[in-house]
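Enquirer: This is the content of data31.csv (CSV, C-alpha atoms):
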```
chain,number,residue,atom,x,y,z
A,1,MET,CA,0.0,0.0,0.0
A,2,ALA,CA,1.4,3.4,-1.0
A,3,GLN,CA,2.3,5.8,1.7
A,4,VAL,CA,-0.1,8.8,1.9
A,5,SER,CA,1.7,12.1,1.3
A,6,ASP,CA,1.7,15.3,3.3
A,7,GLN,CA,0.2,17.1,0.3
A,8,GLU,CA,-2.7,14.7,0.1
A,9,ILE,CA,-3.4,15.2,3.8
A,10,LEU,CA,-3.3,19.0,3.5
A,11,GLU,CA,-5.6,18.8,0.5
A,12,ALA,CA,-8.1,16.8,2.5
A,13,LEU,CA,-7.9,19.2,5.4
A,14,LYS,CA,-8.8,22.1,3.1
A,15,GLY,CA,-12.3,20.7,3.2
A,16,VAL,CA,-12.5,21.5,7.0
A,17,THR,CA,-13.7,25.0,7.8
A,18,ASP,CA,-13.3,27.1,10.9
A,19,PRO,CA,-16.9,28.1,11.6
A,20,ASP,CA,-15.9,31.4,13.2
A,21,ARG,CA,-13.6,32.5,10.5
A,22,ASN,CA,-15.3,31.1,7.4
A,23,ALA,CA,-12.1,29.7,5.9
A,24,ASP,CA,-10.4,26.3,5.8
A,25,ILE,CA,-8.0,25.4,8.5
A,26,VAL,CA,-5.1,25.0,6.1
A,27,SER,CA,-5.4,28.4,4.5
A,28,LEU,CA,-5.7,29.9,8.1
A,29,GLU,CA,-2.4,28.2,8.9
A,30,MET,CA,-4.0,26.3,11.8
A,31,VAL,CA,-2.4,22.9,11.0
A,32,SER,CA,1.1,22.2,12.4
A,33,GLY,CA,3.3,19.3,13.4
A,34,LEU,CA,2.1,17.0,10.6
A,35,ALA,CA,3.8,13.6,10.9
A,36,VAL,CA,3.2,10.4,8.9
A,37,LYS,CA,4.6,7.0,9.8
A,38,ASP,CA,3.5,3.7,8.3
A,39,GLY,CA,0.0,5.0,7.6
A,40,ASN,CA,-0.4,6.6,11.1
A,41,VAL,CA,-1.0,10.3,10.8
A,42,ALA,CA,-0.8,12.9,13.5
A,43,PHE,CA,-1.1,16.7,13.5
A,44,SER,CA,-2.0,19.6,15.7
A,45,ILE,CA,-4.7,22.3,15.1
A,46,GLU,CA,-3.7,25.6,16.7
A,47,VAL,CA,-6.6,27.5,18.2
A,48,ASP,CA,-7.3,30.4,20.5
A,49,PRO,CA,-7.4,29.1,24.1
A,50,GLU,CA,-11.0,30.4,24.7
A,51,ARG,CA,-12.3,28.5,21.6
A,52,GLY,CA,-10.8,25.2,22.6
A,53,ASP,CA,-14.0,23.5,23.7
A,54,ARG,CA,-16.1,24.9,20.8
A,55,LEU,CA,-13.7,23.6,18.2
A,56,GLU,CA,-13.9,19.9,19.2
A,57,PRO,CA,-16.2,19.3,16.1
A,58,VAL,CA,-13.5,20.8,13.9
A,59,ARG,CA,-10.9,18.4,15.3
A,60,LYS,CA,-13.2,15.4,14.7
A,61,ALA,CA,-14.0,16.6,11.2
A,62,ALA,CA,-10.3,16.9,10.4
A,63,GLU,CA,-9.7,13.3,11.7
A,64,ASP,CA,-12.5,12.0,9.6
A,65,ALA,CA,-11.3,13.9,6.5
A,66,VAL,CA,-7.8,12.3,6.7
A,67,MET,CA,-9.1,8.9,7.7
A,68,GLY,CA,-10.9,8.8,4.3
A,69,LEU,CA,-7.6,8.8,2.4
A,70,ALA,CA,-6.2,5.7,0.9
A,71,GLY,CA,-3.2,4.3,2.9
A,72,VAL,CA,-4.2,5.9,6.2
A,73,VAL,CA,-4.4,3.5,9.1
A,74,SER,CA,-5.0,5.8,12.0
A,75,VAL,CA,-5.4,9.6,12.6
A,76,SER,CA,-4.6,11.6,15.8
A,77,ALA,CA,-5.5,15.3,15.7
A,78,VAL,CA,-5.1,17.4,18.8
A,79,LEU,CA,-6.2,21.0,19.6
A,80,THR,CA,-3.3,23.1,20.8
A,81,ALA,CA,-3.4,26.7,22.2
A,82,GLU,CA,-0.6,29.1,22.5
A,83,ARG,CA,-1.0,31.4,25.5
A,84,GLN,CA,0.5,34.8,25.7
A,85,PRO,CA,2.5,35.5,28.9
A,86,GLY,CA,1.1,38.2,31.2
A,87,PRO,CA,2.9,41.4,32.1
A,88,PRO,CA,5.9,40.9,34.5
A,89,SER,CA,5.3,41.6,38.2
A,90,PRO,CA,7.0,44.8,39.4
A,91,SER,CA,10.2,44.3,41.4
A,92,PRO,CA,10.5,45.7,44.9
A,93,PRO,CA,12.3,49.0,45.1
A,94,GLY,CA,16.1,48.6,44.9
A,95,GLN,CA,15.9,45.0,43.7
A,96,ALA,CA,16.7,43.9,40.2
A,97,ALA,CA,14.0,42.2,38.2
A,98,ALA,CA,14.2,38.4,38.1
A,99,PRO,CA,14.6,36.7,34.8
A,100,ALA,CA,11.3,36.0,33.2
A,101,ALA,CA,10.2,32.4,33.7
A,102,ALA,CA,8.9,30.3,30.8
A,103,PRO,CA,5.1,30.8,30.8
A,104,GLY,CA,3.0,27.8,31.9
A,105,PRO,CA,-0.6,27.0,31.1
A,106,GLU,CA,-3.1,29.2,33.0
A,107,PRO,CA,-5.7,27.4,35.1
A,108,GLN,CA,-8.8,26.9,33.0
A,109,GLU,CA,-12.1,25.0,33.0
A,110,GLN,CA,-11.4,21.8,31.2
A,111,LYS,CA,-13.8,19.4,29.7
A,112,PRO,CA,-12.8,16.0,31.2
A,113,LEU,CA,-11.5,13.5,28.6
A,114,VAL,CA,-12.2,10.7,31.0
A,115,PRO,CA,-15.8,10.8,32.3
A,116,GLY,CA,-16.4,8.6,35.3
A,117,VAL,CA,-12.9,8.9,36.7
A,118,GLY,CA,-12.7,10.6,40.1
A,119,ALA,CA,-9.0,11.7,40.0
A,120,ILE,CA,-6.0,11.3,37.7
A,121,ILE,CA,-2.6,11.2,39.2
A,122,ALA,CA,0.8,11.1,37.4
A,123,VAL,CA,3.7,9.0,38.7
A,124,ALA,CA,6.8,10.7,37.3
A,125,SER,CA,10.5,11.0,37.6
A,126,GLY,CA,13.1,13.5,36.4
A,127,LYS,CA,15.3,10.7,34.9
A,128,GLY,CA,15.1,7.1,33.8
A,129,GLY,CA,16.3,4.1,35.7
A,130,VAL,CA,14.8,5.0,39.1
A,131,GLY,CA,12.2,2.2,39.1
A,132,LYS,CA,9.2,4.5,38.4
A,133,SER,CA,7.1,2.0,36.6
A,134,THR,CA,7.6,-0.6,39.3
A,135,VAL,CA,6.5,1.9,41.9
A,136,ALA,CA,3.6,3.0,39.8
A,137,VAL,CA,2.2,-0.5,39.3
A,138,ASN,CA,2.6,-1.4,43.0
A,139,LEU,CA,1.1,1.9,44.0
A,140,ALA,CA,-2.0,1.3,41.8
A,141,LEU,CA,-2.3,-2.3,43.2
A,142,GLY,CA,-1.9,-0.9,46.7
A,143,MET,CA,-4.8,1.4,46.3
A,144,ALA,CA,-6.9,-1.4,44.7
A,145,ALA,CA,-6.1,-3.6,47.7
A,146,ALA,CA,-7.6,-0.9,49.9
A,147,GLY,CA,-10.9,-1.3,48.1
A,148,HIS,CA,-10.6,1.6,45.6
A,149,LYS,CA,-11.5,1.3,41.9
A,150,ILE,CA,-8.2,1.8,40.0
A,151,GLY,CA,-7.0,2.1,36.5
A,152,VAL,CA,-3.5,2.4,35.1
A,153,LEU,CA,-2.5,4.3,31.9
A,154,ASP,CA,0.9,3.5,30.5
A,155,ALA,CA,1.9,6.9,29.1
A,156,ASP,CA,5.4,5.9,28.2
A,157,ILE,CA,4.9,5.6,24.4
A,158,TYR,CA,8.5,4.8,23.7
A,159,GLY,CA,9.1,2.2,26.4
A,160,PRO,CA,5.7,0.7,27.5
A,161,SER,CA,6.2,-1.7,30.4
A,162,MET,CA,2.7,-2.1,31.9
A,163,PRO,CA,1.6,-5.2,29.8
A,164,ARG,CA,4.6,-7.2,31.2
A,165,MET,CA,4.3,-5.9,34.7
A,166,MET,CA,0.6,-6.4,34.9
A,167,GLY,CA,0.9,-9.9,33.4
A,168,ILE,CA,-1.5,-9.1,30.6
A,169,THR,CA,-1.2,-10.3,27.0
A,170,GLY,CA,-3.5,-9.9,24.0
A,171,ARG,CA,-5.2,-6.9,22.4
A,172,PRO,CA,-8.0,-4.8,23.8
A,173,ALA,CA,-11.4,-5.3,22.2
A,174,SER,CA,-13.4,-2.6,20.4
A,175,PRO,CA,-17.0,-3.6,19.8
A,176,ASP,CA,-17.8,-0.5,17.7
A,177,GLY,CA,-14.4,0.0,16.1
A,178,LYS,CA,-14.0,3.4,17.9
A,179,ILE,CA,-13.9,2.8,21.7
A,180,LEU,CA,-11.4,0.4,23.3
A,181,ILE,CA,-12.2,-1.8,26.3
A,182,PRO,CA,-9.2,-1.6,28.7
A,183,MET,CA,-7.4,-4.8,29.6
A,184,GLU,CA,-7.7,-5.9,33.2
A,185,ASN,CA,-5.8,-8.0,35.8
A,186,TYR,CA,-5.7,-8.1,39.6
A,187,GLY,CA,-8.9,-6.0,39.6
A,188,VAL,CA,-7.1,-3.1,37.9
A,189,LYS,CA,-8.0,-1.8,34.4
A,190,CYS,CA,-5.0,-1.1,32.2
A,191,MET,CA,-4.3,0.6,28.8
A,192,SER,CA,-0.9,0.8,27.1
A,193,ILE,CA,0.4,1.3,23.5
A,194,GLY,CA,2.2,-2.0,24.3
A,195,PHE,CA,-1.1,-3.8,23.8
A,196,LEU,CA,-1.3,-2.5,20.2
A,197,VAL,CA,2.2,-3.1,18.9
A,198,ALA,CA,4.7,-6.0,19.3
A,199,GLU,CA,6.9,-5.8,22.4
A,200,ASP,CA,10.1,-5.4,20.3
A,201,THR,CA,8.7,-2.7,17.9
A,202,PRO,CA,10.4,0.7,18.3
A,203,MET,CA,8.0,3.6,18.4
A,204,ILE,CA,9.7,6.1,16.1
A,205,TRP,CA,7.2,8.9,16.6
A,206,ARG,CA,7.4,12.7,16.7
A,207,GLY,CA,5.9,14.8,19.4
A,208,PRO,CA,2.4,15.3,17.8
A,209,MET,CA,2.0,11.6,17.3
A,210,VAL,CA,2.8,11.0,21.0
A,211,MET,CA,0.4,13.7,22.1
A,212,GLY,CA,-2.3,12.2,19.8
A,213,ALA,CA,-1.8,8.7,21.1
A,214,LEU,CA,-2.0,9.8,24.8
A,215,GLN,CA,-5.2,11.7,24.1
A,216,GLN,CA,-6.8,8.8,22.3
A,217,MET,CA,-5.9,6.4,25.2
A,218,LEU,CA,-7.7,8.9,27.5
A,219,ARG,CA,-10.6,9.8,25.3
A,220,ASP,CA,-11.3,6.6,23.3
A,221,VAL,CA,-11.0,4.1,26.1
A,222,LYS,CA,-14.1,3.0,28.1
A,223,TRP,CA,-12.6,3.3,31.6
A,224,GLY,CA,-15.9,3.2,33.3
A,225,GLU,CA,-16.2,4.3,37.0
A,226,LEU,CA,-12.8,4.7,38.6
A,227,ASP,CA,-11.8,6.3,41.9
A,228,VAL,CA,-8.3,7.0,40.6
A,229,LEU,CA,-6.5,6.6,37.2
A,230,VAL,CA,-2.8,6.2,37.8
A,231,VAL,CA,-0.7,7.4,34.9
A,232,ASP,CA,2.8,5.9,34.6
A,233,MET,CA,4.6,8.8,32.9
A,234,PRO,CA,7.8,8.6,30.8
A,235,PRO,CA,10.9,10.0,32.5
A,236,GLY,CA,11.7,13.7,32.0
A,237,THR,CA,9.7,16.8,31.4
A,238,GLY,CA,8.7,16.7,27.8
A,239,ASP,CA,5.7,16.3,25.5
A,240,ALA,CA,3.9,13.6,27.5
A,241,GLN,CA,4.0,15.6,30.7
A,242,LEU,CA,2.7,18.8,29.0
A,243,THR,CA,0.0,16.8,27.1
A,244,MET,CA,-1.3,15.3,30.4
A,245,ALA,CA,-1.2,18.6,32.3
A,246,GLN,CA,-3.0,20.5,29.4
A,247,SER,CA,-5.5,17.8,28.5
A,248,VAL,CA,-6.9,16.7,31.8
A,249,PRO,CA,-7.2,18.3,35.3
A,250,LEU,CA,-4.5,16.2,37.1
A,251,ALA,CA,-5.3,15.8,40.8
A,252,GLY,CA,-1.6,15.5,41.6
A,253,ALA,CA,1.8,14.1,40.8
A,254,VAL,CA,3.9,11.6,42.7
A,255,LEU,CA,7.7,11.8,42.1
A,256,VAL,CA,10.0,8.8,42.3
A,257,SER,CA,13.7,9.3,42.9
A,258,THR,CA,16.7,7.4,44.1
A,259,PRO,CA,18.8,8.9,47.0
A,260,GLN,CA,21.9,10.0,45.0
A,261,ASP,CA,22.5,13.7,44.2
A,262,ILE,CA,22.1,13.4,40.4
A,263,ALA,CA,18.7,11.8,40.7
A,264,LEU,CA,17.6,14.4,43.2
A,265,LEU,CA,18.6,17.2,40.9
A,266,ASP,CA,16.4,15.7,38.2
A,267,ALA,CA,13.6,15.2,40.7
A,268,ARG,CA,13.8,18.9,41.6
A,269,ARG,CA,13.4,19.7,37.9
A,270,GLY,CA,10.3,17.5,37.8
A,271,LEU,CA,8.9,19.3,40.9
A,272,ASN,CA,9.4,22.7,39.2
A,273,MET,CA,7.8,21.5,36.0
A,274,PHE,CA,4.6,20.3,37.7
A,275,GLN,CA,4.5,23.6,39.7
A,276,ARG,CA,4.7,25.6,36.4
A,277,VAL,CA,1.7,23.7,34.9
A,278,ASN,CA,-0.3,24.1,38.1
A,279,VAL,CA,-0.3,20.4,39.2
A,280,PRO,CA,0.0,19.8,43.0
A,281,VAL,CA,2.9,17.5,44.0
A,282,LEU,CA,1.5,14.9,46.4
A,283,GLY,CA,5.0,13.8,47.5
A,284,ILE,CA,8.3,12.1,46.8
A,285,ILE,CA,9.1,8.4,47.1
A,286,GLU,CA,12.7,7.2,47.6
A,287,ASN,CA,13.2,4.0,45.6
A,288,MET,CA,16.3,1.8,45.9
A,289,SER,CA,16.7,3.4,49.3
A,290,TYR,CA,19.0,0.7,50.6
A,291,PHE,CA,19.9,-3.0,50.1
A,292,ASN,CA,19.6,-5.8,52.7
A,293,CYS,CA,21.7,-8.8,51.8
A,294,PRO,CA,19.3,-11.8,51.8
A,295,ASN,CA,22.1,-14.1,53.0
A,296,CYS,CA,23.7,-12.2,55.9
A,297,GLY,CA,21.2,-9.4,56.5
A,298,HIS,CA,23.9,-6.7,56.2
A,299,ARG,CA,22.5,-3.4,55.1
A,300,THR,CA,24.3,-1.4,52.3
A,301,GLU,CA,23.2,2.0,51.2
A,302,ILE,CA,24.3,1.6,47.6
A,303,PHE,CA,22.9,4.9,46.3
A,304,SER,CA,23.3,6.8,49.6
A,305,HIS,CA,20.2,7.1,51.7
A,306,GLY,CA,17.7,9.7,52.9
A,307,GLY,CA,18.3,12.2,50.1
A,308,ALA,CA,14.7,12.2,48.9
A,309,LYS,CA,13.4,12.7,52.4
A,310,ALA,CA,15.7,15.7,52.9
A,311,GLU,CA,14.8,17.1,49.5
A,312,ALA,CA,11.1,16.8,50.2
A,313,GLU,CA,11.5,18.7,53.5
A,314,LYS,CA,13.6,21.4,51.7
A,315,LEU,CA,11.0,21.8,49.0
A,316,GLY,CA,8.0,21.7,51.3
A,317,VAL,CA,6.3,18.6,50.0
A,318,ASP,CA,5.4,15.3,51.6
A,319,PHE,CA,7.8,12.4,51.9
A,320,LEU,CA,5.7,9.4,51.1
A,321,GLY,CA,8.1,6.6,52.0
A,322,GLU,CA,11.2,4.6,51.0
A,323,VAL,CA,11.4,1.3,49.2
A,324,PRO,CA,14.5,-0.9,49.3
A,325,LEU,CA,16.5,-2.3,46.4
A,326,ASP,CA,15.2,-5.9,46.7
A,327,VAL,CA,15.4,-8.7,44.2
A,328,ALA,CA,11.9,-9.9,45.1
A,329,ILE,CA,10.4,-6.6,43.9
A,330,ARG,CA,12.3,-6.8,40.6
A,331,GLU,CA,11.5,-10.5,40.0
A,332,THR,CA,7.8,-10.2,40.7
A,333,SER,CA,7.4,-7.1,38.6
A,334,ASP,CA,9.3,-8.6,35.6
A,335,GLY,CA,7.2,-11.8,36.0
A,336,GLY,CA,3.9,-10.0,35.8
A,337,ARG,CA,3.1,-10.7,39.5
A,338,PRO,CA,3.9,-7.4,41.4
A,339,ILE,CA,4.8,-7.9,45.0
A,340,VAL,CA,1.7,-6.3,46.4
A,341,VAL,CA,-0.5,-9.1,44.9
A,342,SER,CA,2.0,-12.0,44.8
A,343,ASP,CA,3.3,-11.6,48.4
A,344,PRO,CA,0.8,-9.3,50.2
A,345,GLU,CA,2.1,-10.0,53.7
A,346,SER,CA,5.7,-9.2,52.9
A,347,ASP,CA,7.4,-6.1,54.3
A,348,ASN,CA,7.8,-4.6,50.8
A,349,ALA,CA,4.1,-5.1,50.0
A,350,LYS,CA,3.2,-3.4,53.3
A,351,ARG,CA,5.4,-0.5,52.3
A,352,PHE,CA,3.7,0.0,49.0
A,353,ARG,CA,0.3,-0.2,50.6
A,354,ALA,CA,1.3,2.4,53.2
A,355,ILE,CA,2.5,4.7,50.5
A,356,ALA,CA,-0.8,4.1,48.6
A,357,ASP,CA,-2.8,5.1,51.7
A,358,LYS,CA,-0.8,8.3,52.0
A,359,VAL,CA,-1.5,9.2,48.4
A,360,TRP,CA,-5.2,8.5,48.8
A,361,GLU,CA,-5.3,10.6,52.0
A,362,SER,CA,-3.6,13.5,50.1
A,363,LEU,CA,-6.2,13.2,47.3
A,364,VAL,CA,-9.0,13.4,49.8
A,365,ALA,CA,-7.5,16.3,51.6
A,366,ASN,CA,-6.8,18.2,48.3
A,367,LYS,CA,-10.4,17.6,47.2
A,368,ALA,CA,-11.7,18.9,50.5
A,369,GLY,CA,-9.6,22.0,50.1
A,370,ALA,CA,-10.5,22.6,46.4
A,371,GLY,CA,-10.3,26.2,45.5
A,372,LYS,CA,-7.4,27.0,47.8
A,373,ALA,CA,-4.1,28.0,46.2
A,374,PRO,CA,-1.6,25.1,46.1
A,375,PRO,CA,1.5,25.5,48.2
A,376,ARG,CA,4.3,27.3,46.4
A,377,ILE,CA,7.4,25.2,45.8
A,378,VAL,CA,10.5,27.4,46.2
A,379,ILE,CA,13.6,26.2,44.3
A,380,GLN,CA,16.7,27.4,46.0
```
Represent the structure from my file as structure tokens, please.
Expert:
Amino acid sequence: MAQVSDQEILEALKGVTDPDRNADIVSLEMVSGLAVKDGNVAFSIEVDPERGDRLEPVRKAAEDAVMGLAGVVSVSAVLTAERQPGPPSPSPPGQAAAPAAAPGPEPQEQKPLVPGVGAIIAVASGKGGVGKSTVAVNLALGMAAAGHKIGVLDADIYGPSMPRMMGITGRPASPDGKILIPMENYGVKCMSIGFLVAEDTPMIWRGPMVMGALQQMLRDVKWGELDVLVVDMPPGTGDAQLTMAQSVPLAGAVLVSTPQDIALLDARRGLNMFQRVNVPVLGIIENMSYFNCPNCGHRTEIFSHGGAKAEAEKLGVDFLGEVPLDVAIRETSDGGRPIVVSDPESDNAKRFRAIADKVWESLVANKAGAGKAPPRIVIQ
């Protein structure tokens, strides 16, 4: 099958009109970030922030127009809005003006992409290799063990790990060809790009395609009634984090770090990023906090110890707990039997459940205090 060209896509989009401006979205230069890969098409439609909700029919019409082209397998169109920064705050007399910070999204009324979901939280890290996905899956299972209705969204498009960790194989069903039914195991619903592609297939996608895939896994999945949707974020502070912060009202973020200085530096960047996009940080977890030898019981602090707790105190956020470097946690996660469900009476499972309880309590407290300004995180 011949690859559809950029020009063919743009010609199709010329048939989509902006109802307020009486011209097509291509002539109005609203289309950006066009990317095509193996018949998968993604692009952005730039709109004024205040028109975002009203232009949802335009987005859908654009997807339908491109989907009708020969050679197109899937289409992801997203609405994006460029906000103008406000005027700088005046400096106190005698004090030099601070450098202008990069503008973040302003708080706005958002139409939820996931009806029926009580709260969405992001589990994030400033860098890779800190065990974030292992923590995310055990955190989700810990909340489920407490009787809450939980779902997990694997937002790491480039390195999805939830299918393996949740012990789920196969592809999600779609009775109508539009809405996907999430996979499920251990009483937790799960969606990942890993269910739709082979495990060893590299995802060579540009930013708009990643953004489109994330929005589709939120918008086009029948999540049903959930208390919490846990989002396992990719490491860093890039497109996926901004997409989540701008697409849905995140109830909070949990940051995972190891104790050493370089990981804490990246965790601090993650804290600052969530602050700038108006997402409250629920707390920090110190993973790989120490190692107890299974043979002699000797404790070794391989990556130092206590750094995350000290950083949390310095930054004014909660310290949620520490998790040791333990082969049992690694083996059970790799084997699709996370320790919270495979060995629920173990010390490690109890640690994860205690952390899950703290996260739940923070969500309840934040909901009770809705409307209050979140605490300001000061980076020194």
Enquirer: Could you jot down the CA of Leu196 (chain A) to CA of Met165 (chain A) separation for me, Å, one decimal place?
Expert: 15.9 Å
Enquirer: Can you pull out the residues contacting Ala251 (chain A)? Cut-off 10 Å, using only C-alpha atoms, and skip same-chain residues under 3 positions away; I want them as a tab-separated table (two decimals) with C-alpha atoms, keeping the file's coordinate frame.
Expert:
```
chain	number	residue	atom	x	y	z
A	118	GLY	CA	-12.70	10.60	40.10
A	119	ALA	CA	-9.00	11.70	40.00
A	120	ILE	CA	-6.00	11.30	37.70
A	121	ILE	CA	-2.60	11.20	39.20
A	122	ALA	CA	0.80	11.10	37.40
A	228	VAL	CA	-8.30	7.00	40.60
A	229	LEU	CA	-6.50	6.60	37.20
A	245	ALA	CA	-1.20	18.60	32.30
A	248	VAL	CA	-6.90	16.70	31.80
A	279	VAL	CA	-0.30	20.40	39.20
A	280	PRO	CA	0.00	19.80	43.00
A	281	VAL	CA	2.90	17.50	44.00
A	282	LEU	CA	1.50	14.90	46.40
A	362	SER	CA	-3.60	13.50	50.10
A	363	LEU	CA	-6.20	13.20	47.30
A	366	ASN	CA	-6.80	18.20	48.30
A	367	LYS	CA	-10.40	17.60	47.20
```
Enquirer: By how many Å are CA of Gly142 (chain A) and CA of Gly116 (chain A) apart?
Expert: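 Result for CA of Gly142 (chain A) versus CA of Gly116 (chain A): 20.7 Å, one decimal.
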Enquirer: Compare A:Val135, A:Ile285, A:Leu218, A:Leu315 by their minimum atom-to-atom distance to Ile339 (chain A), counting all atoms listed in the file, and give me the closest one.
Expert: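 Of A:Val135, A:Ile285, A:Leu218, A:Leu315, the one nearest Ile339 (chain A), counting all atoms listed in the file, is A:Val135.
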Enquirer: Between A:Gly151, A:Gly283, A:Pro259, A:Gly68, which one has atoms that come closest to Ser304 (chain A), using only C-alpha atoms?
Expert: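 Checking each candidate against Ser304 (chain A), we get A:Pro259 as the closest.
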Enquirer: Could you tell me how far CA of Arg268 (chain A) sits from CA of Gly126 (chain A), in Å to one decimal place?
Expert: 7.5 Å
Enquirer: Find, counting only C-alpha atoms, the residue in A:Leu320, A:Ile150, A:Val4, A:Ala124 that gets nearest to Glu225 (chain A).
Expert: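 Closest to Glu225 (chain A), using only C-alpha atoms: A:Ile150.
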Enquirer: Between A:Asp38, A:Glu50, A:Asp227, A:Asp334, which one has atoms that come closest to Ala144 (chain A), using all atoms listed in the file?
Expert: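 For Ala144 (chain A), the nearest of the given residues is A:Asp227.
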Enquirer: So which one's closest to Val188 (chain A), A:Val230, A:Ser32, A:Gly71, A:Gly128? Using all atoms listed in the file, please.
Expert: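 The closest residue to Val188 (chain A) is A:Val230.
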Enquirer: Find the residues near Gly177 (chain A): any atom within 12 Å, counting all atoms listed in the file, skip ones fewer than 3 places away on the same chain, and give them as a short mmCIF file (atom, residue, chain, number, x, y, z; two decimals) with C-alpha atoms, keeping the file's coordinate frame.
Expert:
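To be explicit, this is the file written out as out15.cif:
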```cif
data_model
loop_
_atom_site.label_atom_id
_atom_site.label_comp_id
_atom_site.auth_asym_id
_atom_site.auth_seq_id
_atom_site.Cartn_x
_atom_site.Cartn_y
_atom_site.Cartn_z
CA SER A 74 -5.00 5.80 12.00
CA PRO A 172 -8.00 -4.80 23.80
CA ALA A 173 -11.40 -5.30 22.20
CA SER A 174 -13.40 -2.60 20.40
CA LEU A 180 -11.40 0.40 23.30
CA ILE A 181 -12.20 -1.80 26.30
CA ASP A 220 -11.30 6.60 23.30
CA VAL A 221 -11.00 4.10 26.10
#
```
Enquirer: For Glu286 (chain A), which of A:Leu153, A:Val130, A:Ala146, A:Met273 is the closest residue, counting only C-alpha atoms?
Expert: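 Counting only C-alpha atoms, the residue closest to Glu286 (chain A) is A:Val130.
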Enquirer: Every residue with an atom at most 12 Å from (-17.5, 26.4, 11.2) (file coordinates; all atoms listed in the file) is what I'm after, so could you write them as a list in words?
Expert: Gly15, Val16, Thr17, Asp18, Pro19, Asp20, Arg21, Asn22, Ala23, Asp24, Ile25, Arg51, Arg54, Leu55, Glu56, Pro57, Val58, Arg59, Ala61 and Ala62 of chain A
